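Colleague: As input, take model20.json (JSON, C-alpha atoms):
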[["chain", "number", "residue", "atom", "x", "y", "z"],
["G", 1, "MET", "CA", 0.00, 0.00, 0.00],
["G", 2, "THR", "CA", 1.43, 3.37, -0.90],
["G", 3, "ASP", "CA", 0.83, 6.58, 0.96],
["G", 4, "ALA", "CA", 0.56, 8.43, -2.39],
["G", 5, "ASP", "CA", -3.14, 9.29, -2.00],
["G", 6, "ALA", "CA", -2.73, 10.74, 1.49],
["G", 7, "PHE", "CA", -0.74, 13.81, 0.47],
["G", 8, "ASP", "CA", -0.50, 16.51, -2.19],
["G", 9, "SER", "CA", 1.75, 14.94, -4.84],
["G", 10, "ASP", "CA", 2.59, 18.24, -6.59],
["G", 11, "ALA", "CA", 3.57, 19.93, -3.32],
["G", 12, "TYR", "CA", 5.60, 16.86, -2.34],
["G", 13, "VAL", "CA", 7.55, 16.87, -5.63],
["G", 14, "SER", "CA", 8.21, 20.64, -5.33],
["G", 15, "GLU", "CA", 9.48, 20.23, -1.77],
["G", 16, "LEU", "CA", 11.66, 17.27, -2.77],
["G", 17, "ARG", "CA", 13.21, 19.24, -5.65],
["G", 18, "ALA", "CA", 13.89, 22.18, -3.32],
["G", 19, "LYS", "CA", 15.64, 19.88, -0.79],
["G", 20, "ARG", "CA", 17.74, 18.40, -3.59],
["G", 21, "GLN", "CA", 18.79, 21.88, -4.76],
["G", 22, "GLU", "CA", 19.71, 22.83, -1.19],
["G", 23, "LYS", "CA", 21.87, 19.70, -0.91],
["G", 24, "ASP", "CA", 23.54, 20.43, -4.26],
["G", 25, "ASP", "CA", 24.35, 23.97, -3.08],
["G", 26, "PHE", "CA", 25.89, 22.58, 0.13],
["G", 27, "PHE", "CA", 27.90, 19.91, -1.71],
["G", 28, "GLY", "CA", 29.17, 22.42, -4.26],
["G", 29, "SER", "CA", 30.51, 25.04, -1.89],
["G", 30, "HIS", "CA", 30.49, 24.16, 1.81],
["G", 31, "PRO", "CA", 33.84, 23.37, 3.51],
["G", 32, "GLN", "CA", 32.28, 20.21, 5.03],
["G", 33, "SER", "CA", 31.11, 18.89, 1.66],
["G", 34, "PRO", "CA", 32.17, 15.30, 0.91],
["G", 35, "ILE", "CA", 33.05, 16.39, -2.64],
["G", 36, "PRO", "CA", 36.85, 16.73, -2.75],
["G", 37, "PRO", "CA", 37.84, 20.42, -2.84],
["G", 38, "GLU", "CA", 39.57, 19.99, -6.21],
["G", 39, "ASP", "CA", 36.29, 18.78, -7.75],
["G", 40, "ARG", "CA", 33.93, 21.42, -6.35],
["G", 41, "ASP", "CA", 34.46, 24.02, -9.09],
["G", 42, "ASP", "CA", 33.24, 21.51, -11.69],
["G", 43, "PHE", "CA", 30.45, 20.08, -9.52],
["G", 44, "ASP", "CA", 27.06, 20.85, -11.08],
["G", 45, "GLY", "CA", 24.79, 18.81, -8.82],
["G", 46, "LEU", "CA", 23.97, 15.25, -7.92],
["G", 47, "ASP", "CA", 21.98, 12.96, -10.17],
["G", 48, "TYR", "CA", 18.67, 11.57, -8.97],
["G", 49, "PHE", "CA", 15.88, 9.33, -10.13],
["G", 50, "GLU", "CA", 12.77, 11.35, -10.95],
["G", 51, "PRO", "CA", 10.55, 11.87, -7.89],
["G", 52, "ASN", "CA", 8.41, 8.76, -7.52],
["G", 53, "PRO", "CA", 5.41, 9.01, -5.17],
["G", 54, "ASP", "CA", 4.95, 5.20, -5.47],
["G", 55, "ALA", "CA", 8.34, 4.78, -3.76],
["G", 56, "ARG", "CA", 6.85, 6.34, -0.63],
["G", 57, "VAL", "CA", 5.31, 3.45, 1.32],
["G", 58, "THR", "CA", 3.64, 2.93, 4.65],
["G", 59, "ALA", "CA", 5.41, 0.29, 6.70],
["G", 60, "ARG", "CA", 4.23, -1.64, 9.72],
["G", 61, "VAL", "CA", 6.67, -1.10, 12.59],
["G", 62, "GLU", "CA", 7.90, -4.06, 14.60],
["G", 63, "THR", "CA", 9.77, -2.63, 17.60],
["G", 64, "HIS", "CA", 12.49, -4.70, 19.26],
["G", 65, "THR", "CA", 12.47, -4.12, 23.02],
["G", 66, "ASP", "CA", 15.73, -6.04, 23.42],
["G", 67, "PRO", "CA", 17.57, -4.88, 20.27],
["G", 68, "GLU", "CA", 19.82, -7.40, 18.60],
["G", 69, "PRO", "CA", 23.39, -6.28, 17.82],
["G", 70, "VAL", "CA", 24.25, -6.29, 14.12],
["G", 71, "THR", "CA", 27.83, -6.04, 12.88],
["G", 72, "MET", "CA", 28.25, -4.08, 9.67],
["G", 73, "ASP", "CA", 31.32, -4.08, 7.48],
["G", 74, "THR", "CA", 32.58, -0.67, 6.39],
["G", 75, "SER", "CA", 34.02, 0.69, 3.18],
["G", 76, "ALA", "CA", 37.47, 0.71, 4.84],
["G", 77, "ASP", "CA", 37.32, -3.00, 5.79],
["G", 78, "ARG", "CA", 36.48, -2.37, 9.43],
["G", 79, "GLU", "CA", 33.44, -3.47, 11.40],
["G", 80, "VAL", "CA", 30.98, -1.32, 13.32],
["G", 81, "ARG", "CA", 28.22, -2.46, 15.61],
["G", 82, "TYR", "CA", 24.65, -1.23, 15.55],
["G", 83, "LEU", "CA", 21.49, -2.31, 17.33],
["G", 84, "ARG", "CA", 18.47, -3.36, 15.27],
["G", 85, "VAL", "CA", 15.77, -1.40, 17.11],
["G", 86, "ALA", "CA", 12.94, -2.01, 14.63],
["G", 87, "THR", "CA", 11.95, -3.90, 11.52],
["G", 88, "PHE", "CA", 9.75, -2.26, 8.90],
["G", 89, "HIS", "CA", 7.35, -4.50, 6.96],
["G", 90, "PHE", "CA", 5.94, -3.10, 3.70],
["G", 91, "ASP", "CA", 4.92, -3.88, 0.14],
["G", 92, "LEU", "CA", 6.81, -2.48, -2.83],
["G", 93, "ARG", "CA", 6.59, -3.57, -6.45],
["G", 94, "ASP", "CA", 4.06, -6.27, -5.52],
["G", 95, "GLN", "CA", 6.43, -7.88, -3.02],
["G", 96, "SER", "CA", 6.28, -8.10, 0.76],
["G", 97, "LEU", "CA", 9.58, -6.76, 2.06],
["G", 98, "GLU", "CA", 11.27, -5.77, 5.27],
["G", 99, "LEU", "CA", 14.11, -3.51, 6.33],
["G", 100, "GLY", "CA", 15.96, -3.29, 9.62],
["G", 101, "ALA", "CA", 16.26, 0.10, 11.31],
["G", 102, "TYR", "CA", 19.31, 0.71, 13.48],
["G", 103, "ARG", "CA", 20.91, 2.92, 16.09],
["G", 104, "GLN", "CA", 24.41, 2.83, 17.46],
["G", 105, "GLU", "CA", 24.71, 1.65, 21.04],
["G", 106, "HIS", "CA", 24.09, 4.43, 23.57],
["G", 107, "ASP", "CA", 22.61, 6.67, 20.85],
["G", 108, "GLU", "CA", 19.52, 8.36, 22.25],
["G", 109, "SER", "CA", 18.66, 10.18, 19.01],
["G", 110, "PRO", "CA", 15.17, 9.46, 17.64],
["G", 111, "THR", "CA", 16.60, 9.19, 14.11],
["G", 112, "LEU", "CA", 16.77, 5.69, 12.68],
["G", 113, "PHE", "CA", 19.53, 4.56, 10.32],
["G", 114, "VAL", "CA", 18.23, 2.45, 7.42],
["G", 115, "PRO", "CA", 21.02, 1.34, 5.05],
["G", 116, "PHE", "CA", 19.95, -0.81, 2.11],
["G", 117, "ARG", "CA", 20.87, -2.33, -1.22],
["G", 118, "ASP", "CA", 18.49, -3.09, -4.06],
["G", 119, "LYS", "CA", 18.68, -4.29, -7.67],
["G", 120, "THR", "CA", 20.05, -0.88, -8.80],
["G", 121, "THR", "CA", 23.08, -1.18, -6.48],
["G", 122, "GLY", "CA", 26.34, -1.19, -8.43],
["G", 123, "GLN", "CA", 24.59, -0.31, -11.66],
["G", 124, "GLN", "CA", 22.56, 2.88, -11.40],
["G", 125, "THR", "CA", 23.38, 3.52, -7.74],
["G", 126, "TYR", "CA", 26.47, 3.44, -5.53],
["G", 127, "PRO", "CA", 27.99, -0.08, -5.27],
["G", 128, "GLY", "CA", 28.14, 0.12, -1.47],
["G", 129, "GLY", "CA", 24.40, 0.73, -1.10],
["G", 130, "ARG", "CA", 22.40, 3.74, -0.02],
["G", 131, "TYR", "CA", 21.06, 5.16, 3.23],
["G", 132, "MET", "CA", 17.85, 6.59, 4.59],
["G", 133, "GLU", "CA", 17.41, 8.35, 7.90],
["G", 134, "LEU", "CA", 13.92, 8.29, 9.33],
["G", 135, "THR", "CA", 12.78, 10.31, 12.31],
["G", 136, "PRO", "CA", 9.56, 8.94, 13.81],
["G", 137, "SER", "CA", 6.86, 11.39, 14.86],
["G", 138, "GLY", "CA", 6.93, 9.98, 18.40],
["G", 139, "PRO", "CA", 8.51, 7.27, 20.53],
["G", 140, "LEU", "CA", 9.28, 4.22, 18.42],
["G", 141, "SER", "CA", 7.44, 1.95, 20.87],
["G", 142, "ASP", "CA", 4.23, 3.96, 20.27],
["G", 143, "LEU", "CA", 4.27, 3.60, 16.48],
["G", 144, "ASP", "CA", 2.29, 1.09, 14.49],
["G", 145, "GLU", "CA", 3.28, 2.54, 11.10],
["G", 146, "ILE", "CA", 5.91, 4.80, 9.56],
["G", 147, "VAL", "CA", 6.35, 6.24, 6.08],
["G", 148, "VAL", "CA", 9.46, 4.88, 4.34],
["G", 149, "ASP", "CA", 10.29, 7.26, 1.50],
["G", 150, "PHE", "CA", 12.88, 5.85, -0.90],
["G", 151, "ASN", "CA", 12.95, 9.22, -2.71],
["G", 152, "LEU", "CA", 15.08, 10.33, 0.25],
["G", 153, "ALA", "CA", 17.64, 7.54, -0.27],
["G", 154, "TYR", "CA", 21.11, 9.01, -0.49],
["G", 155, "ASN", "CA", 24.70, 7.98, -1.07],
["G", 156, "PRO", "CA", 27.03, 7.70, 1.92],
["G", 157, "PHE", "CA", 29.96, 10.11, 1.98],
["G", 158, "CYS", "CA", 32.36, 7.32, 0.94],
["G", 159, "ALA", "CA", 30.65, 7.43, -2.50],
["G", 160, "PHE", "CA", 32.30, 10.81, -3.02],
["G", 161, "SER", "CA", 35.73, 10.31, -1.47],
["G", 162, "GLU", "CA", 37.84, 7.45, -0.11],
["G", 163, "ALA", "CA", 38.63, 9.70, 2.86],
["G", 164, "PHE", "CA", 35.37, 8.54, 4.45],
["G", 165, "ASP", "CA", 34.64, 5.19, 6.10],
["G", 166, "CYS", "CA", 30.98, 4.18, 5.82],
["G", 167, "PRO", "CA", 28.92, 1.26, 7.11],
["G", 168, "LEU", "CA", 27.73, -1.08, 4.37],
["G", 169, "PRO", "CA", 24.16, -2.40, 4.48],
["G", 170, "PRO", "CA", 23.94, -5.81, 6.18],
["G", 171, "GLU", "CA", 22.65, -8.67, 4.05],
["G", 172, "GLU", "CA", 19.30, -8.57, 5.86],
["G", 173, "ASN", "CA", 18.72, -5.17, 4.21],
["G", 174, "TRP", "CA", 19.40, -6.30, 0.64],
["G", 175, "LEU", "CA", 16.10, -5.84, -1.18],
["G", 176, "PRO", "CA", 15.36, -8.22, -4.08],
["G", 177, "VAL", "CA", 13.62, -5.47, -6.09],
["G", 178, "VAL", "CA", 14.54, -2.44, -8.20],
["G", 179, "VAL", "CA", 14.09, 0.81, -6.24],
["G", 180, "GLN", "CA", 14.24, 3.62, -8.79],
["G", 181, "ALA", "CA", 14.08, 6.48, -6.30],
["G", 182, "GLY", "CA", 16.59, 8.71, -4.56],
["G", 183, "GLU", "CA", 20.20, 9.44, -5.50],
["G", 184, "LEU", "CA", 21.97, 7.86, -8.43],
["G", 185, "LYS", "CA", 25.63, 6.86, -8.52],
["G", 186, "TYR", "CA", 28.00, 9.84, -8.26],
["G", 187, "GLU", "CA", 30.30, 10.36, -11.22],
["G", 188, "SER", "CA", 33.13, 12.73, -10.37],
["G", 189, "PRO", "CA", 33.73, 15.59, -12.83]]
In structure tokens, write the structure found in this file.
Modeller:
Amino acid sequence: MTDADAFDSDAYVSELRAKRQEKDDFFGSHPQSPIPPEDRDDFDGLDYFEPNPDARVTARVETHTDPEPVTMDTSADREVRYLRVATFHFDLRDQSLELGAYRQEHDESPTLFVPFRDKTTGQQTYPGGRYMELTPSGPLSDLDEIVVDFNLAYNPFCAFSEAFDCPLPPEENWLPVVVQAGELKYESP
């Protein structure tokens, strides 16, 4: 089930395009941009799939009261440990799917880290996978549903420079479908 009918699609697309422009402006000029300084003068924006309201789905939230530790490999061949605090169950492209949502140990932030791979990974999108960050509207334990918006999927900083070390999505978050939404693979100028 998509959440496409529950919002103004035109306003959503306009807001999404504005957020993308804001990100491009930051990446092109800010000192903390992941784009290497020598490439910023030639940077003319990130590439994205067209906004896709059907890639915005409502997921059932399964909260884990005793979160299971999950070890993730990183782009620099290290390991980092996260806690799987929730599992999202949803339908996309006529398939029932699920994604783990994580937090680092001792992280009290309400924001959930959702790294994933899909059938575009390594072809149209970054070979290491993409990320989403979701901030629930209230305590996770109070939620039955959450909107998972793949249009907000983005590349980790290691997609832009080897100076960064990024967690790679665990195998449990490898989706067996094509998700044509969010950021495309970055091609340096």
Colleague: Which one is closest to Asp47 (chain G): G:Gln21, G:Thr111, G:Thr120, G:Thr65? Count all atoms listed in the file.
Modeller: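 Closest residue, counting all atoms listed in the file: G:Gln21.
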Colleague: Just how far from CA of Lys119 (chain G) is CA of Glu62 (chain G), in Å to one decimal?
Modeller: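 It comes out at 24.7 Å.
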Colleague: Set the distance at 7 Å and use only C-alpha atoms: which residues neighbour Cys166 (chain G) once local chain neighbours fewer than 3 positions away are removed? I'd like the list as a tab-separated table (two decimals) with C-alpha atoms, keeping the file's coordinate frame.
Modeller:
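Final output, saved to result_30.tsv:
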chain	number	residue	atom	x	y	z
G	74	THR	CA	32.58	-0.67	6.39
G	75	SER	CA	34.02	0.69	3.18
G	156	PRO	CA	27.03	7.70	1.92
G	158	CYS	CA	32.36	7.32	0.94
Colleague: So that I can check the surroundings of Lys19 (chain G), please list as a list of chain:residue names every protein, DNA and RNA residue that reaches within 12 Å of it, counting all atoms listed in the file and ignoring chain neighbours fewer than 5 positions away.
Modeller: G:Tyr12, G:Val13, G:Ser14, G:Asp24, G:Asp25, G:Phe26, G:Leu46, G:Pro51, G:Asn151, G:Leu152, G:Gly182
Colleague: Figure out the distance between CA of Gly100 (chain G) and CA of Pro136 (chain G), please, to one decimal in Å.
Modeller: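 Straight-line distance from CA of Pro136 (chain G) to CA of Gly100 (chain G) works out to 14.4 Å.
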Colleague: Can you list, as a ChimeraX atom specification, every protein, DNA or RNA residue that comes within 9 Å of region 77-90 of chain G when you count all atoms listed in the file, leaving out same-chain residues fewer than 5 positions away?
Modeller: /G:1,57-72,95-105,112,140,145-146,148,165,167
Colleague: In terms of the shortest atom-to-atom distance over only C-alpha atoms, which of G:Pro53, G:Pro170, G:Pro110, G:Gly128 is closest to Ser141 (chain G)?
Modeller: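 Among the listed residues, G:Pro110 lies closest to Ser141 (chain G).
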Colleague: What is the CA of Arg56 (chain G)-CA of Val177 (chain G) distance in Å, reported with one decimal?
Modeller: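 Computed distance, CA of Arg56 (chain G) to CA of Val177 (chain G), equals 14.7 Å.
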Colleague: Using only C-alpha atoms, find the one residue out of G:Asp44, G:Glu133, G:Asp149, G:Glu172 that sits nearest to Tyr186 (chain G).
Modeller: G:Asp44
Colleague: Check the smallest atom-to-atom distance from each of G:Phe43, G:Phe116, G:Tyr131, G:Phe160 to Lys185 (chain G) using all atoms listed in the file, then report the winner.
Modeller: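 Residue with the minimum atom-to-atom distance to Lys185 (chain G): G:Phe160.
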Colleague: Need the neighbours of (10.4, 7.4, -10.6): which residues are at most 6 Å away, counting all atoms listed in the file, as a PyMOL selection string?
Modeller: chain G and resi 49-52+180-181
Colleague: Provide region 162-185 of chain G rebuilt to N, CA, C and O atoms, formatted as an mmCIF file, in the coordinates of the input.
Modeller:
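Heads up, here's the output in selection.cif:
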data_model
loop_
_atom_site.group_PDB
_atom_site.id
_atom_site.type_symbol
_atom_site.label_atom_id
_atom_site.label_comp_id
_atom_site.auth_asym_id
_atom_site.auth_seq_id
_atom_site.Cartn_x
_atom_site.Cartn_y
_atom_site.Cartn_z
ATOM 1 N N GLU G 162 37.307 8.553 -0.904
ATOM 2 C CA GLU G 162 37.840 7.450 -0.110
ATOM 3 C C GLU G 162 38.290 7.891 1.274
ATOM 4 O O GLU G 162 38.660 7.061 2.106
ATOM 5 N N ALA G 163 38.246 9.199 1.539
ATOM 6 C CA ALA G 163 38.630 9.700 2.860
ATOM 7 C C ALA G 163 37.615 9.318 3.925
ATOM 8 O O ALA G 163 37.912 9.398 5.116
ATOM 9 N N PHE G 164 36.421 8.885 3.511
ATOM 10 C CA PHE G 164 35.370 8.540 4.450
ATOM 11 C C PHE G 164 35.248 7.025 4.599
ATOM 12 O O PHE G 164 35.489 6.281 3.654
ATOM 13 N N ASP G 165 34.859 6.603 5.789
ATOM 14 C CA ASP G 165 34.640 5.190 6.100
ATOM 15 C C ASP G 165 33.166 5.034 6.450
ATOM 16 O O ASP G 165 32.691 5.638 7.417
ATOM 17 N N CYS G 166 32.428 4.264 5.668
ATOM 18 C CA CYS G 166 30.980 4.180 5.820
ATOM 19 C C CYS G 166 30.518 2.751 6.071
ATOM 20 O O CYS G 166 31.027 1.817 5.448
ATOM 21 N N PRO G 167 29.507 2.585 6.937
ATOM 22 C CA PRO G 167 28.920 1.260 7.110
ATOM 23 C C PRO G 167 28.252 0.790 5.816
ATOM 24 O O PRO G 167 27.640 1.583 5.105
ATOM 25 N N LEU G 168 28.380 -0.491 5.530
ATOM 26 C CA LEU G 168 27.730 -1.080 4.370
ATOM 27 C C LEU G 168 26.468 -1.808 4.827
ATOM 28 O O LEU G 168 26.465 -2.415 5.904
ATOM 29 N N PRO G 169 25.393 -1.752 4.050
ATOM 30 C CA PRO G 169 24.160 -2.400 4.480
ATOM 31 C C PRO G 169 24.361 -3.892 4.755
ATOM 32 O O PRO G 169 24.980 -4.594 3.954
ATOM 33 N N PRO G 170 23.847 -4.369 5.889
ATOM 34 C CA PRO G 170 23.940 -5.810 6.180
ATOM 35 C C PRO G 170 23.055 -6.584 5.203
ATOM 36 O O PRO G 170 22.100 -6.042 4.645
ATOM 37 N N GLU G 171 23.363 -7.843 5.026
ATOM 38 C CA GLU G 171 22.650 -8.670 4.050
ATOM 39 C C GLU G 171 21.141 -8.696 4.312
ATOM 40 O O GLU G 171 20.346 -8.793 3.371
ATOM 41 N N GLU G 172 20.728 -8.573 5.554
ATOM 42 C CA GLU G 172 19.300 -8.570 5.860
ATOM 43 C C GLU G 172 18.575 -7.369 5.242
ATOM 44 O O GLU G 172 17.346 -7.366 5.144
ATOM 45 N N ASN G 173 19.312 -6.353 4.834
ATOM 46 C CA ASN G 173 18.720 -5.170 4.210
ATOM 47 C C ASN G 173 19.002 -5.092 2.713
ATOM 48 O O ASN G 173 19.011 -4.017 2.120
ATOM 49 N N TRP G 174 19.243 -6.239 2.089
ATOM 50 C CA TRP G 174 19.400 -6.300 0.640
ATOM 51 C C TRP G 174 18.037 -6.625 0.043
ATOM 52 O O TRP G 174 17.537 -7.747 0.199
ATOM 53 N N LEU G 175 17.436 -5.662 -0.613
ATOM 54 C CA LEU G 175 16.100 -5.840 -1.180
ATOM 55 C C LEU G 175 16.181 -6.513 -2.553
ATOM 56 O O LEU G 175 16.975 -6.092 -3.391
ATOM 57 N N PRO G 176 15.325 -7.497 -2.811
ATOM 58 C CA PRO G 176 15.360 -8.220 -4.080
ATOM 59 C C PRO G 176 14.540 -7.542 -5.179
ATOM 60 O O PRO G 176 14.031 -8.207 -6.071
ATOM 61 N N VAL G 177 14.397 -6.213 -5.101
ATOM 62 C CA VAL G 177 13.620 -5.470 -6.090
ATOM 63 C C VAL G 177 14.420 -4.262 -6.574
ATOM 64 O O VAL G 177 15.397 -3.852 -5.947
ATOM 65 N N VAL G 178 13.981 -3.687 -7.675
ATOM 66 C CA VAL G 178 14.540 -2.440 -8.200
ATOM 67 C C VAL G 178 13.852 -1.286 -7.471
ATOM 68 O O VAL G 178 12.627 -1.230 -7.419
ATOM 69 N N VAL G 179 14.645 -0.378 -6.903
ATOM 70 C CA VAL G 179 14.090 0.810 -6.240
ATOM 71 C C VAL G 179 14.616 2.029 -7.002
ATOM 72 O O VAL G 179 15.701 2.526 -6.717
ATOM 73 N N GLN G 180 13.841 2.478 -7.972
ATOM 74 C CA GLN G 180 14.240 3.620 -8.790
ATOM 75 C C GLN G 180 13.734 4.904 -8.146
ATOM 76 O O GLN G 180 12.769 5.523 -8.602
ATOM 77 N N ALA G 181 14.408 5.277 -7.061
ATOM 78 C CA ALA G 181 14.080 6.480 -6.300
ATOM 79 C C ALA G 181 15.323 6.902 -5.544
ATOM 80 O O ALA G 181 16.141 6.069 -5.170
ATOM 81 N N GLY G 182 15.459 8.196 -5.320
ATOM 82 C CA GLY G 182 16.590 8.710 -4.560
ATOM 83 C C GLY G 182 17.784 9.024 -5.433
ATOM 84 O O GLY G 182 17.670 9.226 -6.645
ATOM 85 N N GLU G 183 18.965 9.063 -4.802
ATOM 86 C CA GLU G 183 20.200 9.440 -5.500
ATOM 87 C C GLU G 183 20.712 8.328 -6.397
ATOM 88 O O GLU G 183 20.652 7.151 -6.041
ATOM 89 N N LEU G 184 21.264 8.763 -7.519
ATOM 90 C CA LEU G 184 21.970 7.860 -8.430
ATOM 91 C C LEU G 184 23.454 7.838 -8.076
ATOM 92 O O LEU G 184 23.919 8.633 -7.244
ATOM 93 N N LYS G 185 24.187 6.980 -8.737
ATOM 94 C CA LYS G 185 25.630 6.860 -8.520
ATOM 95 C C LYS G 185 26.293 8.200 -8.858
ATOM 96 O O LYS G 185 25.968 8.842 -9.848
#
